[in-house]
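Okay, structure first, notes after.
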Amino acid sequence: MVPFQDMKGRHVAEREAYLKVIGDVIDSGELAGGRYVEKFERDFATYCGVAHAVGVGSGTEALWLTLLAMGIGPGDEVITVPMSFVATVEAICLTGAKPVFVDIDPHTYTLDPTALHGALTHRAKAIIPVHLFGQPADMAPILEFARQHGLRVIEDAAQAHGAECGGQKVGSIGDAGCFSFYPAKNLGAMGEAGAVVTGDKKLADRIQKLRNHGQSDKNSHALVGWNCRMDGIQGAVLSLKLQRLDHENQMRRCHARMYAEKLSDLSELDLPMEASGRSHVFHIYAIRTPARDRLILNFRANQIEFGVHYPVPIHLQPAFHHLGLRLGDFPISESYAKELVSLPMFPEMETEQIDLVVRAICTTFDR
Ligand SMILES: *Cc1c(COP(=O)(O)O)cnc(C)c1O
């Protein structure tokens with residue numbers, strides 16, 4: 001059996017260290033917000049190369065609060081891609097704004113900047129590029145378009161902790177970057193957590209208030225907010241895990257290189273590419289083939305776990321029926337949704353496990 005991810009194996013090496021910091025947080029009593037969260041915020045801001053980080057309860061909250069803090073709401077439009085995790089679009093909808101989609105670039109699977117013009121109306125307020133699977137979106141033309149049209153840029157960096165575009169860490173390039181620390185992400189908590197990073201102090205201050213009931217001082221509520229605080233335990237664990245992130249991303253990149261070498265002869269497959277000037281951190285290693293069904297059957301027969309990211313593009317999900325979008329509206333996302341399959345990928349993966357996956361793929365195509 002080859003697992004898709006190894007959530008248990010992930011914590012074995014440093015188990016004692018995690019228990020120690022969790023014990024420290026319990027002893028301190030700083031369980032919701034507090035100094036362990038503040039320390040992680042400083043650590044993560046430094047890592048990303050930005051002035052501010054605000055810890056919240058999840059990546060979805062990071063996106064939602066960033067949009068709210070920018071004053072985006074009913075009557076506004078936010079441009080993003082239909083090929084992402086649904087949370088990107090949920091966050092837009094929950095502010096009352098309308099998501100407007102552009103298709104993905106066929107090679108990088110990230111927002112196609114040349115499609116932005118066709119999606120622009122006078123109601124547009126922001127663009128959310130998604131650094132899908134760990135590959136940064138093509139930020140320079142997106143920022144240029146946003147500057148020309150007075151739009152804010154919010155990076156959905158939930159799958160790309162530590163990836164770089166033009167020498168800058170993702171999250172630090174747009175007006176704000178939103179991260180998820182869901183346990184399976186490249187930087188994962190021991191539960192749910194997320195953060196927003198930004199160089200904009202006013203924006204950081206607003207998000208800080210919104211995540212804590214709009215509170216400016218104790219018993220003084222400047223805004224209508226919500227409870228989106230990060231747990232102290234997550235803050236402490238994340239500071240510790242952040243020290244391993246670069247090494248773990250390197251391991252993922254090694255595994256990706258190995259897959260690429262061993263699968264390069266199979267003309268039936270499209271393998272992930274790394275765009276020039278960008279570094280891919282392979283949260284997900286997704287290959288593409290019209291023979292996906294056959295490949296999946298063979299994976300099942302050989303006990304190889306796999307993922308499909310994402311089988312239904314967001315504009316075709318029942319929840320977004322009210323947007324009035326149809327099959328045919330975003331052809332690249334739609335055709336790739338039928339062809340993508342994600343191979344096992346995690347830092348602790350062994351070469352023998354990669355070989356088992358490769359063997360199952362090769363036999364599918366009679367090699
Ligand atoms: C995981 C993810 C999110 C949401 O993060 P949660 O912490 O699960 O709320 C948002 N966008 C993308 C692209 C994701 O992969």
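Lettering and numbering for the structure tokens are positional, with chains as A, B, ... in the shown order, residues counted from 1 in each chain, and ligands counted from 1 in the shown order.
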Could you give me, as JSON, numbers by chain, each residue of segment 185-291 of chain A that DSSP assigns to alpha helix (DSSP H) when run on this structure's backbone?
{"A": [201, 202, 203, 204, 205, 206, 207, 208, 209, 210, 232, 233, 234, 235, 236, 237, 238, 239, 240, 241, 242, 243, 244, 245, 246, 247, 248, 249, 250, 251, 252, 253, 254, 255, 256, 257, 258, 259, 260, 261, 262, 263]}
task = Excluding segment 205-208 of chain A and residues on its chain fewer than 6 positions from it, collect all residues at most 8 Å away from it, counting only C-alpha atoms, and give them as JSON, numbers by chain.
result = {"A": [54, 65, 66, 69]}
For the selection just defined, write its residues with all heavy atoms to a file, as a compact mmCIF listing (two decimals), in the first residue's frame.
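Printed below is part03.txt as written:
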```
# COMPACT_ATOMS: atom_id res chain seq x y z
N VAL A 54 -1.32 37.85 10.46
CA VAL A 54 -2.43 37.76 11.42
C VAL A 54 -2.93 36.33 11.42
O VAL A 54 -3.40 35.83 10.38
CB VAL A 54 -3.58 38.73 11.05
CG1 VAL A 54 -4.66 38.69 12.13
CG2 VAL A 54 -3.07 40.14 10.85
N LEU A 65 -11.93 37.18 5.80
CA LEU A 65 -11.64 38.40 6.57
C LEU A 65 -10.84 39.40 5.73
O LEU A 65 -11.01 40.61 5.89
CB LEU A 65 -10.87 38.06 7.85
CG LEU A 65 -11.61 37.24 8.90
CD1 LEU A 65 -10.81 37.19 10.20
CD2 LEU A 65 -13.01 37.79 9.18
N THR A 66 -9.97 38.92 4.85
CA THR A 66 -9.21 39.84 4.00
C THR A 66 -10.15 40.61 3.07
O THR A 66 -10.04 41.83 2.92
CB THR A 66 -8.15 39.06 3.19
OG1 THR A 66 -7.29 38.38 4.09
CG2 THR A 66 -7.33 39.99 2.32
N ALA A 69 -12.10 43.06 5.17
CA ALA A 69 -11.25 44.18 5.62
C ALA A 69 -10.96 45.14 4.47
O ALA A 69 -10.67 46.32 4.70
CB ALA A 69 -9.94 43.63 6.19
```
With a cut-off of 8 Å, could you pull out the residues of chain A touching ligand 1 and give me the nearest pair of atoms for each, distance in Å to one decimal, using only C-alpha atoms and all ligand atoms, ordered by chain and ascending number, as a Markdown table?
```
| residue | atom | partner | partner_atom_place_in_ligand_line | distance |
| --- | --- | --- | --- | --- |
| A:Gly57 | CA | ligand 1 | 7 (O) | 7.5 |
| A:Ser58 | CA | ligand 1 | 7 (O) | 3.8 |
| A:Gly59 | CA | ligand 1 | 5 (O) | 3.5 |
| A:Thr60 | CA | ligand 1 | 9 (O) | 3.7 |
| A:Glu61 | CA | ligand 1 | 9 (O) | 6.4 |
| A:Ala62 | CA | ligand 1 | 9 (O) | 7.9 |
| A:Leu63 | CA | ligand 1 | 10 (C) | 7.6 |
| A:Ser84 | CA | ligand 1 | 13 (C) | 5.3 |
| A:Phe85 | CA | ligand 1 | 13 (C) | 4.8 |
| A:Val86 | CA | ligand 1 | 11 (N) | 7.0 |
| A:Ala87 | CA | ligand 1 | 10 (C) | 4.8 |
| A:Thr88 | CA | ligand 1 | 11 (N) | 5.1 |
| A:Val130 | CA | ligand 1 | 13 (C) | 6.0 |
| A:His131 | CA | ligand 1 | 13 (C) | 7.1 |
| A:Leu132 | CA | ligand 1 | 13 (C) | 6.3 |
| A:Phe133 | CA | ligand 1 | 15 (O) | 7.8 |
| A:Asp156 | CA | ligand 1 | 11 (N) | 5.9 |
| A:Ala157 | CA | ligand 1 | 13 (C) | 6.8 |
| A:Ala158 | CA | ligand 1 | 14 (C) | 4.7 |
| A:Gln159 | CA | ligand 1 | 15 (O) | 5.1 |
| A:Phe179 | CA | ligand 1 | 5 (O) | 7.1 |
| A:Ser180 | CA | ligand 1 | 7 (O) | 4.0 |
| A:Phe181 | CA | ligand 1 | 7 (O) | 5.6 |
| A:Tyr182 | CA | ligand 1 | 7 (O) | 4.7 |
| A:Lys185 | CA | ligand 1 | 1 (C) | 7.1 |
| A:Glu192 | CA | ligand 1 | 7 (O) | 6.2 |
| A:Ala193 | CA | ligand 1 | 7 (O) | 5.9 |
| A:Gly194 | CA | ligand 1 | 7 (O) | 5.7 |
```
Fewer than 2 positions away in the same chain doesn't count, so skip those; otherwise give me all residues within 12 Å of Leu323 of chain A, counting only C-alpha atoms, as an MDAnalysis selection string.
chainID A and resid 77 89 93 97:101 314:321 325:326 329
Test item: residues at most 12 Å from segment 188-190 of chain A, only C-alpha atoms, excluding those fewer than 3 positions along its chain, as a ChimeraX atom specification: /A:7-8,10-11,15,18-19,21-22,40,55-59,158-161,179-185,193-195,230-242,244-245,248,283
